[in-house]
>>> print(open('model_22.txt').read())   # compact mmCIF, C-alpha atoms
# COMPACT_ATOMS: atom_id res chain seq x y z
CA MET A 1 110.24 108.44 125.90
CA LYS A 2 107.43 111.00 126.08
CA ILE A 3 104.30 110.29 124.04
CA ALA A 4 101.69 113.00 123.48
CA LEU A 5 98.23 111.45 123.26
CA LEU A 6 96.40 114.10 121.24
CA THR A 7 92.60 114.05 121.31
CA ASN A 8 89.50 116.24 121.35
CA GLU A 9 87.46 113.72 123.34
CA ILE A 10 88.15 112.20 126.71
CA PRO A 11 85.48 111.53 129.38
CA PRO A 12 83.31 113.33 130.24
CA ILE A 13 83.66 114.83 126.75
CA VAL A 14 82.54 111.96 124.54
CA TYR A 15 81.48 111.96 120.89
CA GLY A 16 81.91 108.23 120.22
CA GLY A 17 84.18 105.25 120.75
CA VAL A 18 87.41 107.26 120.63
CA ALA A 19 87.00 108.25 124.28
CA THR A 20 87.04 104.57 125.31
CA TRP A 21 90.14 104.01 123.19
CA ILE A 22 91.90 106.96 124.87
CA LEU A 23 91.23 105.58 128.36
CA ASN A 24 92.39 102.11 127.32
CA PHE A 25 95.60 103.56 125.88
CA LEU A 26 96.35 105.49 129.08
CA ASP A 27 95.75 102.36 131.17
CA MET A 28 97.89 100.26 128.84
CA PHE A 29 101.01 102.38 129.46
CA LYS A 30 100.32 103.30 133.07
CA ASP A 31 103.47 102.79 135.18
CA ASP A 32 105.53 101.76 132.14
CA PRO A 33 109.20 102.38 133.06
CA ASP A 34 110.21 103.49 129.56
CA ILE A 35 107.18 105.29 128.15
CA GLU A 36 105.33 108.27 129.61
CA VAL A 37 101.99 109.04 127.96
CA ILE A 38 100.85 112.65 128.33
CA PRO A 39 97.25 113.37 127.33
CA VAL A 40 96.89 116.54 125.26
CA PHE A 41 93.33 117.82 124.93
CA LEU A 42 92.37 120.07 122.03
CA ALA A 43 89.53 122.33 123.16
CA HIS A 44 88.05 122.36 119.67
CA LEU A 45 84.32 122.24 120.40
CA ASP A 46 84.26 121.91 124.19
CA GLU A 47 86.17 123.59 126.97
CA PRO A 48 87.63 121.09 129.46
CA PRO A 49 86.03 120.73 132.91
CA THR A 50 87.91 122.36 135.76
CA ASP A 51 88.67 118.96 137.33
CA PHE A 52 90.60 117.68 134.28
CA PRO A 53 94.01 117.98 136.04
CA GLU A 54 92.72 115.82 138.91
CA ARG A 55 91.15 113.27 136.57
CA TYR A 56 94.15 113.10 134.25
CA PRO A 57 97.40 114.10 135.98
CA GLY A 58 99.78 115.85 133.63
CA ILE A 59 97.15 116.65 131.01
CA ARG A 60 97.93 119.58 128.72
CA ILE A 61 95.26 121.78 127.16
CA ILE A 62 95.62 123.45 123.77
CA HIS A 63 93.19 125.63 121.83
CA GLY A 64 94.90 125.70 118.46
CA PRO A 65 98.17 126.11 116.55
CA GLN A 66 99.27 129.01 118.77
CA ASP A 67 99.80 126.58 121.67
CA ILE A 68 101.89 124.05 119.74
CA GLU A 69 105.46 125.21 120.39
CA LYS A 70 105.36 125.16 124.18
CA THR A 71 103.14 122.08 124.53
CA PHE A 72 105.14 119.78 122.25
CA GLN A 73 108.70 120.99 122.80
CA ASP A 74 109.62 118.08 125.12
CA ILE A 75 107.55 115.45 123.28
CA ASP A 76 109.22 112.62 121.34
CA ILE A 77 106.21 111.17 119.48
CA THR A 78 102.64 112.35 119.00
CA VAL A 79 99.85 109.77 118.83
CA ASN A 80 97.19 111.79 117.05
CA ASN A 81 93.49 110.93 117.39
CA LEU A 82 92.09 113.96 115.56
CA TRP A 83 90.37 113.86 112.20
CA VAL A 84 88.97 117.37 112.54
CA ALA A 85 91.04 120.54 113.13
CA PHE A 86 93.69 119.38 110.66
CA ASP A 87 95.36 122.80 111.01
CA THR A 88 96.54 121.67 114.45
CA THR A 89 98.04 118.47 113.05
CA LYS A 90 99.74 120.46 110.28
CA ALA A 91 101.07 123.03 112.76
CA ILE A 92 102.65 120.32 114.94
CA LYS A 93 104.40 118.72 111.97
CA ASP A 94 105.48 122.05 110.50
CA ARG A 95 106.97 123.22 113.81
CA TYR A 96 108.54 119.88 114.74
CA PRO A 97 109.20 117.99 111.48
CA GLU A 98 111.81 115.84 113.22
CA LYS A 99 109.26 114.39 115.65
CA ARG A 100 107.10 111.46 114.62
CA MET A 101 103.39 111.94 114.09
CA ILE A 102 101.42 108.68 114.36
CA SER A 103 97.75 109.17 113.47
CA VAL A 104 95.21 106.60 114.65
CA CYS A 105 92.37 106.00 112.20
CA HIS A 106 89.44 104.90 114.36
CA SER A 107 87.31 104.70 111.24
CA LEU A 108 87.66 105.91 107.69
CA ILE A 109 85.34 108.90 107.49
CA LYS A 110 84.93 108.44 103.75
CA MET A 111 83.66 104.88 104.41
CA GLU A 112 81.35 106.24 107.11
CA HIS A 113 80.04 108.79 104.62
CA LEU A 114 79.42 106.20 101.90
CA THR A 115 77.82 103.56 104.13
CA ASN A 116 75.74 105.97 106.22
CA LEU A 117 74.11 107.43 103.11
CA GLY A 118 75.90 110.76 103.40
CA GLY A 119 75.24 113.42 106.00
CA ASP A 120 76.69 116.61 107.43
CA ALA A 121 78.70 114.80 110.11
CA THR A 122 80.90 112.96 107.60
CA LYS A 123 80.90 115.09 104.45
CA SER A 124 84.13 116.78 105.56
CA PHE A 125 86.11 113.53 105.25
CA TYR A 126 88.75 115.50 103.34
CA GLU A 127 89.97 116.78 106.72
CA GLN A 128 90.99 113.25 107.64
CA GLU A 129 92.75 112.89 104.30
CA ILE A 130 94.80 116.01 105.06
CA THR A 131 95.66 114.55 108.47
CA PHE A 132 97.02 111.41 106.76
CA GLN A 133 99.26 113.57 104.55
CA TYR A 134 100.92 115.17 107.56
CA SER A 135 101.50 111.87 109.37
CA ASP A 136 104.59 109.70 109.49
CA ALA A 137 102.49 106.60 110.15
CA VAL A 138 98.78 105.81 110.15
CA VAL A 139 97.48 103.10 112.46
CA LEU A 140 94.49 101.18 111.10
CA ILE A 141 92.49 99.10 113.59
CA SER A 142 91.90 96.05 111.37
CA ARG A 143 93.24 94.46 108.20
CA ALA A 144 89.94 95.28 106.53
CA GLU A 145 90.52 98.96 107.31
CA LEU A 146 93.91 98.72 105.61
CA GLY A 147 92.13 97.31 102.56
CA HIS A 148 89.66 100.20 102.49
CA TYR A 149 92.50 102.68 103.11
CA THR A 150 94.35 101.31 100.09
CA SER A 151 91.23 101.23 97.92
CA PHE A 152 90.85 105.00 98.38
CA GLY A 153 94.47 105.52 97.29
CA TYR A 154 95.57 106.71 100.72
CA ASP A 155 98.58 104.38 100.59
CA LYS A 156 100.02 106.78 98.01
CA TYR A 157 100.62 109.27 100.81
CA ASP A 158 104.03 109.21 102.46
CA ALA A 159 102.64 107.85 105.74
CA GLU A 160 103.35 104.21 106.51
CA PRO A 161 100.09 102.30 107.17
CA VAL A 162 100.27 99.92 110.14
CA VAL A 163 97.59 97.58 111.51
CA ILE A 164 97.22 97.53 115.31
CA TYR A 165 93.98 96.22 116.76
CA ASN A 166 92.19 97.99 119.58
CA SER A 167 92.88 96.53 123.00
CA TYR A 168 90.08 94.99 125.02
CA THR A 169 90.26 94.12 128.70
CA PRO A 170 87.77 91.33 129.50
CA LYS A 171 85.51 92.31 132.38
CA LEU A 172 84.14 88.86 133.23
CA ASP A 173 87.24 86.73 133.74
CA GLU A 174 86.36 86.17 137.38
CA ILE A 175 82.59 86.74 137.28
CA ASP A 176 80.18 83.81 137.36
CA TRP A 177 77.35 85.47 135.40
CA ARG A 178 76.10 83.42 132.46
CA PRO A 179 73.33 84.08 129.94
CA ASN A 180 70.28 81.87 129.66
CA TYR A 181 71.25 79.58 126.78
CA SER A 182 67.68 78.33 126.45
CA LEU A 183 66.41 81.71 125.27
CA ASN A 184 65.56 82.05 121.58
CA ASP A 185 65.07 85.82 121.81
CA ILE A 186 67.73 87.83 120.00
CA GLY A 187 68.93 91.42 120.30
CA TYR A 188 70.87 94.35 118.90
CA ILE A 189 72.71 96.84 121.10
CA GLY A 190 74.63 99.86 119.86
CA ARG A 191 74.46 102.90 117.63
CA HIS A 192 71.59 103.32 115.20
CA VAL A 193 73.10 104.50 111.93
CA PRO A 194 72.37 103.11 108.43
CA ARG A 195 75.67 101.23 108.07
CA LYS A 196 74.93 99.10 111.13
CA ARG A 197 71.51 97.93 109.90
CA PRO A 198 70.01 97.59 113.40
CA ASP A 199 66.62 96.61 111.95
CA LEU A 200 67.93 93.32 110.50
CA PRO A 201 67.02 91.23 113.59
CA ILE A 202 63.35 92.22 113.73
CA LEU A 203 62.95 91.96 109.95
CA ALA A 204 64.54 88.50 109.93
CA VAL A 205 62.27 87.31 112.73
CA GLU A 206 59.28 88.75 110.89
CA ARG A 207 60.26 86.85 107.75
CA SER A 208 60.72 83.62 109.73
CA ASN A 209 57.10 83.70 110.95
CA ARG A 210 58.23 82.92 114.51
CA ASP A 211 55.62 84.59 116.72
CA ASP A 212 57.20 83.16 119.87
CA VAL A 213 60.47 85.08 119.54
CA ARG A 214 61.12 88.62 120.76
CA VAL A 215 63.74 91.06 119.53
CA PHE A 216 65.35 93.46 122.00
CA ASN A 217 66.74 96.60 120.40
CA MET A 218 68.80 98.86 122.65
CA GLY A 219 70.29 102.20 121.70
CA VAL A 220 67.45 103.97 119.92
CA ASP A 221 67.90 107.72 120.24
CA TYR A 222 64.72 109.75 120.73
CA ARG A 223 66.50 113.00 121.59
CA GLY A 224 65.93 114.69 118.22
CA GLU A 225 63.31 117.36 117.71
CA THR A 226 61.00 114.89 115.97
CA GLY A 227 61.83 111.92 118.20
CA ASN A 228 62.59 108.82 116.12
CA PRO A 229 59.78 108.26 113.59
CA PHE A 230 61.36 105.14 112.07
CA TRP A 231 61.58 103.19 115.33
CA GLU A 232 58.28 104.55 116.58
CA GLU A 233 56.66 103.03 113.50
CA MET A 234 58.60 99.77 113.96
CA GLY A 235 57.30 99.59 117.52
CA ARG A 236 53.71 100.06 116.36
CA LYS A 237 54.16 97.41 113.67
CA HIS A 238 55.60 94.80 116.07
CA PRO A 239 54.02 95.60 119.45
CA LYS A 240 54.37 92.08 120.87
CA GLN A 241 57.75 91.09 119.44
CA LEU A 242 59.90 94.23 119.39
CA VAL A 243 61.17 95.55 122.72
CA ILE A 244 62.75 98.97 122.17
CA ILE A 245 65.15 100.21 124.83
CA PRO A 246 66.19 103.87 124.41
CA PHE A 247 69.85 104.82 124.48
CA SER A 248 71.13 104.59 128.06
CA SER A 249 74.37 104.12 129.97
CA ASN A 250 72.49 103.02 133.09
CA LYS A 251 74.06 99.77 134.31
CA GLU A 252 70.74 98.23 135.34
CA THR A 253 69.31 98.89 131.88
CA VAL A 254 72.37 97.33 130.26
CA HIS A 255 72.10 94.28 132.53
CA PHE A 256 68.41 93.97 131.63
CA TYR A 257 69.34 93.80 127.96
CA TRP A 258 71.99 91.10 128.35
CA ASN A 259 69.76 89.05 130.64
CA SER A 260 66.98 89.15 128.05
CA VAL A 261 68.70 87.85 124.92
CA GLY A 262 69.77 84.37 123.90
CA ALA A 263 72.02 85.74 121.17
CA ASN A 264 73.46 89.14 120.32
CA CYS A 265 73.48 90.34 116.71
CA ILE A 266 76.52 92.06 115.21
CA THR A 267 75.15 93.50 111.98
CA GLY A 268 76.15 96.04 109.36
CA VAL A 269 77.92 96.73 106.09
CA TYR A 270 80.95 98.45 107.64
CA GLU A 271 82.58 97.98 111.05
CA PRO A 272 86.22 99.05 111.53
CA PHE A 273 86.79 97.00 114.72
CA GLY A 274 83.90 96.02 116.99
CA TYR A 275 83.87 96.68 120.74
CA THR A 276 80.35 95.20 120.90
CA MET A 277 81.71 92.03 119.34
CA CYS A 278 84.30 91.85 122.11
CA GLU A 279 81.73 92.46 124.84
CA THR A 280 79.48 89.75 123.41
CA LEU A 281 82.34 87.25 123.53
CA ASP A 282 83.33 88.44 127.01
CA ARG A 283 79.82 87.81 128.32
CA ARG A 284 79.75 84.35 126.72
CA VAL A 285 76.63 85.29 124.80
CA PRO A 286 76.10 83.44 121.49
CA ALA A 287 76.94 85.77 118.60
CA ILE A 288 75.28 86.13 115.22
CA VAL A 289 77.99 88.00 113.36
CA GLN A 290 78.71 89.56 109.98
CA ASP A 291 81.37 87.98 107.75
CA ILE A 292 83.24 91.24 107.08
CA ASP A 293 85.65 93.75 108.60
CA GLY A 294 86.67 93.94 112.25
CA PRO A 295 84.12 91.51 113.74
CA LYS A 296 85.17 88.76 111.32
CA GLU A 297 88.84 89.30 112.20
CA ILE A 298 88.09 89.24 115.93
CA CYS A 299 86.36 85.87 115.51
CA GLU A 300 88.54 84.35 112.79
CA LEU A 301 90.10 81.73 115.10
CA VAL A 302 86.72 80.69 116.53
CA MET A 303 84.45 80.87 113.49
CA ASP A 304 83.08 77.41 114.32
CA SER A 305 81.76 78.86 117.59
CA VAL A 306 79.75 81.82 116.28
CA PHE A 307 76.82 82.05 113.87
CA GLU A 308 78.17 83.83 110.81
CA TYR A 309 76.03 85.39 108.11
CA HIS A 310 77.03 86.66 104.69
CA VAL A 311 76.66 90.42 104.32
CA ASP A 312 75.00 91.57 101.12
CA LYS A 313 74.71 95.19 100.02
CA ASP A 314 71.23 94.37 98.75
CA PHE A 315 69.08 94.82 101.83
CA GLU A 316 66.49 92.17 100.92
CA LYS A 317 69.22 89.57 100.36
CA ASP A 318 70.86 90.66 103.60
CA ILE A 319 67.64 89.99 105.52
CA GLU A 320 67.45 86.50 104.03
CA ASN A 321 71.10 85.72 104.78
CA PHE A 322 70.71 86.96 108.33
CA LYS A 323 67.52 84.95 108.82
CA GLU A 324 69.38 81.76 107.83
CA ALA A 325 71.98 82.42 110.54
CA VAL A 326 69.26 83.06 113.12
CA VAL A 327 67.58 79.77 112.19
CA ARG A 328 70.90 77.98 112.72
CA PHE A 329 71.04 79.52 116.18
CA TRP A 330 67.48 78.40 116.94
CA ASP A 331 68.30 74.88 115.75
CA THR A 332 71.31 74.64 118.10
CA HIS A 333 70.78 72.90 121.45
CA PRO A 334 71.28 75.12 124.54
CA ASP A 335 74.18 72.95 125.73
CA ASP A 336 75.92 73.40 122.38
CA ARG A 337 75.27 77.13 122.47
CA ALA A 338 77.00 77.29 125.85
CA SER A 339 79.96 75.25 124.64
CA MET A 340 80.34 77.42 121.54
CA ALA A 341 80.14 80.67 123.51
CA ASN A 342 82.74 79.54 126.02
CA HIS A 343 85.14 78.55 123.25
CA ALA A 344 84.46 81.74 121.29
CA ARG A 345 85.59 83.78 124.28
CA THR A 346 89.18 82.57 123.79
CA ALA A 347 89.34 84.91 120.78
CA LEU A 348 89.77 87.80 123.21
CA ASP A 349 93.23 86.61 124.26
CA GLY A 350 94.77 88.22 121.18
CA PHE A 351 93.33 91.63 122.07
CA ARG A 352 94.33 91.89 125.71
CA PRO A 353 96.33 95.07 126.54
CA GLU A 354 99.57 93.22 127.22
CA VAL A 355 99.48 91.86 123.65
CA ILE A 356 98.51 95.11 121.92
CA LYS A 357 101.01 97.12 123.97
CA GLU A 358 103.90 95.20 122.38
CA GLU A 359 102.63 96.12 118.92
CA TRP A 360 102.65 99.78 119.88
CA LYS A 361 106.17 99.53 121.26
CA LYS A 362 107.34 98.23 117.88
CA VAL A 363 105.92 101.31 116.19
CA PHE A 364 107.45 103.63 118.79
CA SER A 365 110.88 102.05 118.35
CA SER A 366 110.88 102.79 114.63
CA SER A 367 112.91 105.90 113.83
CA GLU A 368 111.41 106.46 110.39
CA ILE A 369 110.39 110.07 109.81
CA ARG A 370 108.45 111.02 106.73
CA ALA A 371 108.97 114.73 106.34
CA LYS A 372 106.77 116.32 103.72
CA GLY A 373 108.22 115.83 100.25
CA GLN A 374 110.65 113.10 101.32
CA TYR A 375 110.39 109.32 101.04
CA SER A 376 111.93 106.67 103.23
CA LEU A 377 114.04 103.90 101.71
CA SER A 378 111.18 101.42 102.05
CA GLU A 379 108.82 103.86 100.31
CA ILE A 380 111.28 104.36 97.46
CA GLU A 381 111.61 100.59 97.00
CA LYS A 382 107.84 100.15 97.08
CA ARG A 383 107.37 102.82 94.44
CA LYS A 384 110.10 101.29 92.26
CA LYS A 385 108.38 97.89 92.38
CA GLN A 386 105.02 99.46 91.58
CA ALA A 387 106.53 101.32 88.63
CA GLN A 388 108.10 98.09 87.33
CA GLN A 389 104.79 96.27 87.72
CA ASP A 390 102.91 99.03 85.90
CA LYS A 391 105.50 98.96 83.10
CA GLY A 392 105.16 95.18 82.80
CA GLU A 393 101.39 95.43 82.56
CA GLN A 394 101.71 97.98 79.77
CA LEU A 395 103.71 95.47 77.69
CA TYR A 396 100.62 93.29 77.42
>>> encode(input="model_22.txt", output="structure tokens")
Amino acid sequence: MKIALLTNEIPPIVYGGVATWILNFLDMFKDDPDIEVIPVFLAHLDEPPTDFPERYPGIRIIHGPQDIEKTFQDIDITVNNLWVAFDTTKAIKDRYPEKRMISVCHSLIKMEHLTNLGGDATKSFYEQEITFQYSDAVVLISRAELGHYTSFGYDKYDAEPVVIYNSYTPKLDEIDWRPNYSLNDIGYIGRHVPRKRPDLPILAVERSNRDDVRVFNMGVDYRGETGNPFWEEMGRKHPKQLVIIPFSSNKETVHFYWNSVGANCITGVYEPFGYTMCETLDRRVPAIVQDIDGPKEICELVMDSVFEYHVDKDFEKDIENFKEAVVRFWDTHPDDRASMANHARTALDGFRPEVIKEEWKKVFSSSEIRAKGQYSLSEIEKRKKQAQQDKGEQLY
């Protein structure tokens, strides 16, 4: 079986977490006797480097709908990772309606738009909605994402929604590194967008009146024309307690961060999955984690071994809730922190590639095609039941 892995980002062309997912997917099916994964790169915004064929043997390059026929003629299934350039997705399905199109939703762009307070980058979420309409199946990366998907009415499209978590390969199975469980300092590492609320840790520490605790914040981006006025002001306001580490992929800088914190903070009002959650567990670092979305699902079997806080849309209440979780962490003995972190790490077993790969094989083995304007038997039954339910509700 030949699988086209369609994407517009693959290292060194990286816009976000999708590039990591692409590499993990390629590794997951490497040397599989039954499934050949062929990366297909859409040169939508960036032309591929000349060494792409050496980096990714067998990669195919397309520039738009005009390249569809030749590129996909021998493909059995397309795993689509695009939410822009929907004309390409449409062209593939129009030319090869008999071939399955499985679109991976790495995040719901409409949710990103709502929780990031709008913005040019996400206002075109309708493009993702069009992509869903031309798909035979849509893979959501958490049960919470399926809930959001349904709340927007996307389940009314013909595409079958399926939940498959992202895979995560633990990096520290055989490495002896351990954090300093005596540290009370806490940290945040990751993107700085409104939905992630990266300022919660410093604001909670400020409210706690603990002058002896530092907050390490890594990932602040100063590359804009005006720098980063918000975090520059935060740094001036908390010169002794807030340690700001600019965005960096330097390994030594990353190691400095993890060696400096006693707990890592997973904050925000929307998180589809949570690679940072996985890395925190992998490193056996105590986690202060939100009670929603992907991070909650990752930890659901080890909730007694993380410090959970209740997410509130009201920012002031959210600070208070988060502060209470931080205080619980401070009140926990270092030996108990270590025991909790070691147990919490077992949550990763359900996300290892060999587990997630089997879920993908189930989707690949399905022969259900949802050509535009046609419904599968399961879809027809679902719509019948919904109609009966609606009719019953009208009687009352």
>>> residues_around(input="model_22.txt", residues="A:Thr276", least_positions_apart="2", cutoff="8 Å", atoms="all atoms listed in the file", output="compact mmCIF listing (two decimals) with C-alpha atoms, in the frame of the given file")
# COMPACT_ATOMS: atom_id res chain seq x y z
CA ILE A 189 72.71 96.84 121.10
CA GLY A 190 74.63 99.86 119.86
CA ILE A 266 76.52 92.06 115.21
CA GLY A 274 83.90 96.02 116.99
CA CYS A 278 84.30 91.85 122.11
CA GLU A 279 81.73 92.46 124.84
CA THR A 280 79.48 89.75 123.41
>>> closest_residue(input="model_22.txt", among="A:Val363, A:Leu108, A:Ala19, A:Ala347", to="A:Tyr270", atoms="all atoms listed in the file")
A:Leu108
>>> residues_around(input="model_22.txt", residues="A:Asp293", least_positions_apart="6", cutoff="7 Å", atoms="all atoms listed in the file", output="number ranges by chain")
A: 144, 270-272
>>> residues_around(input="model_22.txt", residues="stretch 334-338 of chain A", least_positions_apart="6", cutoff="12 Å", atoms="all atoms listed in the file", output="list in words")
Arg178, Pro179, Asn180, Tyr181, Ser182, Leu183, Asn184, Gly262, Ala263, Leu281, Arg283, Arg284, Val285, Pro286, Ala287, Ile288, Asp304, Ser305, Val306, Phe307, Arg328, Ala344 and Arg345 of chain A
>>> atom_distance(input="model_22.txt", atom1="atom CA of A:Met218", atom2="atom CA of A:Asp185")
13.6 Å
>>> atom_distance(input="model_22.txt", atom1="atom CA of A:Asn166", atom2="atom CA of A:Gln73")
28.5 Å
>>> closest_residue(input="model_22.txt", among="A:Gly119, A:Gly350, A:Pro170, A:Gly235", to="A:Val193", atoms="all atoms listed in the file")
A:Gly119
>>> atom_distance(input="model_22.txt", atom1="atom CA of A:Tyr168", atom2="atom CA of A:Asn24")
7.8 Å
>>> residues_around(input="model_22.txt", residues="A:Glu129", least_positions_apart="5", cutoff="10 Å", atoms="only C-alpha atoms", output="PyMOL selection string")
chain A and resi 83+86+108-110+124+134+154+157
>>> residues_around(input="model_22.txt", residues="A:Val162", least_positions_apart="6", cutoff="9 Å", atoms="only C-alpha atoms", output="JSON, numbers by chain")
{"A": [137, 138, 139, 140, 141, 146, 363]}
>>> residues_near_point(input="model_22.txt", point="(101.4, 94.6, 123.8)", cutoff="12 Å", atoms="all atoms listed in the file", output="PDB file with C-alpha atoms, in the coordinates of the input")
ATOM      1  CA  PHE A  25      95.600 103.560 125.880  1.00  0.00           C
ATOM      2  CA  MET A  28      97.890 100.260 128.840  1.00  0.00           C
ATOM      3  CA  PHE A  29     101.010 102.380 129.460  1.00  0.00           C
ATOM      4  CA  ASP A  32     105.530 101.760 132.140  1.00  0.00           C
ATOM      5  CA  ILE A 164      97.220  97.530 115.310  1.00  0.00           C
ATOM      6  CA  TYR A 165      93.980  96.220 116.760  1.00  0.00           C
ATOM      7  CA  ASN A 166      92.190  97.990 119.580  1.00  0.00           C
ATOM      8  CA  SER A 167      92.880  96.530 123.000  1.00  0.00           C
ATOM      9  CA  TYR A 168      90.080  94.990 125.020  1.00  0.00           C
ATOM     10  CA  ASP A 349      93.230  86.610 124.260  1.00  0.00           C
ATOM     11  CA  GLY A 350      94.770  88.220 121.180  1.00  0.00           C
ATOM     12  CA  PHE A 351      93.330  91.630 122.070  1.00  0.00           C
ATOM     13  CA  ARG A 352      94.330  91.890 125.710  1.00  0.00           C
ATOM     14  CA  PRO A 353      96.330  95.070 126.540  1.00  0.00           C
ATOM     15  CA  GLU A 354      99.570  93.220 127.220  1.00  0.00           C
ATOM     16  CA  VAL A 355      99.480  91.860 123.650  1.00  0.00           C
ATOM     17  CA  ILE A 356      98.510  95.110 121.920  1.00  0.00           C
ATOM     18  CA  LYS A 357     101.010  97.120 123.970  1.00  0.00           C
ATOM     19  CA  GLU A 358     103.900  95.200 122.380  1.00  0.00           C
ATOM     20  CA  GLU A 359     102.630  96.120 118.920  1.00  0.00           C
ATOM     21  CA  TRP A 360     102.650  99.780 119.880  1.00  0.00           C
ATOM     22  CA  LYS A 361     106.170  99.530 121.260  1.00  0.00           C
ATOM     23  CA  LYS A 362     107.340  98.230 117.880  1.00  0.00           C
ATOM     24  CA  VAL A 363     105.920 101.310 116.190  1.00  0.00           C
ATOM     25  CA  PHE A 364     107.450 103.630 118.790  1.00  0.00           C
TER      26      PHE A 364
END
>>> axis_aligned_box(input="model_22.txt", around="stretch 207-212 of chain A", padding_each_side="8 Å", output="JSON")
{"center_x": 58.2, "center_y": 84.9, "center_z": 113.8, "size_x": 21.1, "size_y": 19.9, "size_z": 28.1}
>>> residues_near_point(input="model_22.txt", point="(95.8, 109.2, 116.6)", cutoff="10 Å", atoms="all atoms listed in the file", output="CSV table (one decimal) with C-alpha atoms, in the frame of the given file")
chain,number,residue,atom,x,y,z
A,4,ALA,CA,101.7,113.0,123.5
A,5,LEU,CA,98.2,111.4,123.3
A,6,LEU,CA,96.4,114.1,121.2
A,7,THR,CA,92.6,114.0,121.3
A,18,VAL,CA,87.4,107.3,120.6
A,22,ILE,CA,91.9,107.0,124.9
A,78,THR,CA,102.6,112.4,119.0
A,79,VAL,CA,99.8,109.8,118.8
A,80,ASN,CA,97.2,111.8,117.0
A,81,ASN,CA,93.5,110.9,117.4
A,82,LEU,CA,92.1,114.0,115.6
A,83,TRP,CA,90.4,113.9,112.2
A,101,MET,CA,103.4,111.9,114.1
A,102,ILE,CA,101.4,108.7,114.4
A,103,SER,CA,97.8,109.2,113.5
A,104,VAL,CA,95.2,106.6,114.6
A,105,CYS,CA,92.4,106.0,112.2
A,106,HIS,CA,89.4,104.9,114.4
A,131,THR,CA,95.7,114.6,108.5
A,135,SER,CA,101.5,111.9,109.4
A,137,ALA,CA,102.5,106.6,110.2
A,138,VAL,CA,98.8,105.8,110.2
A,139,VAL,CA,97.5,103.1,112.5
A,140,LEU,CA,94.5,101.2,111.1
>>> closest_residue(input="model_22.txt", among="A:Ser142, A:Ser339, A:Asn116, A:Ser107", to="A:Lys296", atoms="all atoms listed in the file")
A:Ser142
>>> closest_residue(input="model_22.txt", among="A:Met111, A:Leu45, A:Cys299, A:Val215", to="A:Val14", atoms="only C-alpha atoms")
A:Leu45
>>> closest_residue(input="model_22.txt", among="A:Phe230, A:Gly147, A:Pro198, A:Phe315", to="A:Asn264", atoms="only C-alpha atoms")
A:Pro198
>>> build_atoms(input="model_22.txt", residues="stretch 44-56 of chain A", atoms="N, CA and C atoms", output="CSV table (one decimal), in the coordinates of the input")
chain,number,residue,atom,x,y,z
A,44,HIS,N,88.5,122.0,121.0
A,44,HIS,CA,88.0,122.4,119.7
A,44,HIS,C,86.6,122.8,119.7
A,45,LEU,N,85.7,121.9,120.3
A,45,LEU,CA,84.3,122.2,120.4
A,45,LEU,C,83.9,122.5,121.8
A,46,ASP,N,84.6,121.9,122.8
A,46,ASP,CA,84.3,121.9,124.2
A,46,ASP,C,85.4,122.4,125.0
A,47,GLU,N,85.2,123.2,126.0
A,47,GLU,CA,86.2,123.6,127.0
A,47,GLU,C,86.3,122.5,128.0
A,48,PRO,N,87.5,122.2,128.5
A,48,PRO,CA,87.6,121.1,129.5
A,48,PRO,C,87.0,121.5,130.8
A,49,PRO,N,86.5,120.5,131.5
A,49,PRO,CA,86.0,120.7,132.9
A,49,PRO,C,87.2,121.2,133.8
A,50,THR,N,86.9,121.9,134.9
A,50,THR,CA,87.9,122.4,135.8
A,50,THR,C,88.6,121.2,136.5
A,51,ASP,N,88.0,120.1,136.6
A,51,ASP,CA,88.7,119.0,137.3
A,51,ASP,C,89.5,118.1,136.4
A,52,PHE,N,89.8,118.5,135.2
A,52,PHE,CA,90.6,117.7,134.3
A,52,PHE,C,92.0,117.3,134.9
A,53,PRO,N,92.7,118.3,135.5
A,53,PRO,CA,94.0,118.0,136.0
A,53,PRO,C,94.0,116.9,137.1
A,54,GLU,N,92.9,116.9,137.9
A,54,GLU,CA,92.7,115.8,138.9
A,54,GLU,C,92.4,114.5,138.3
A,55,ARG,N,91.5,114.5,137.3
A,55,ARG,CA,91.2,113.3,136.6
A,55,ARG,C,92.3,112.7,135.8
A,56,TYR,N,93.1,113.5,135.1
A,56,TYR,CA,94.2,113.1,134.2
A,56,TYR,C,95.4,113.9,134.6
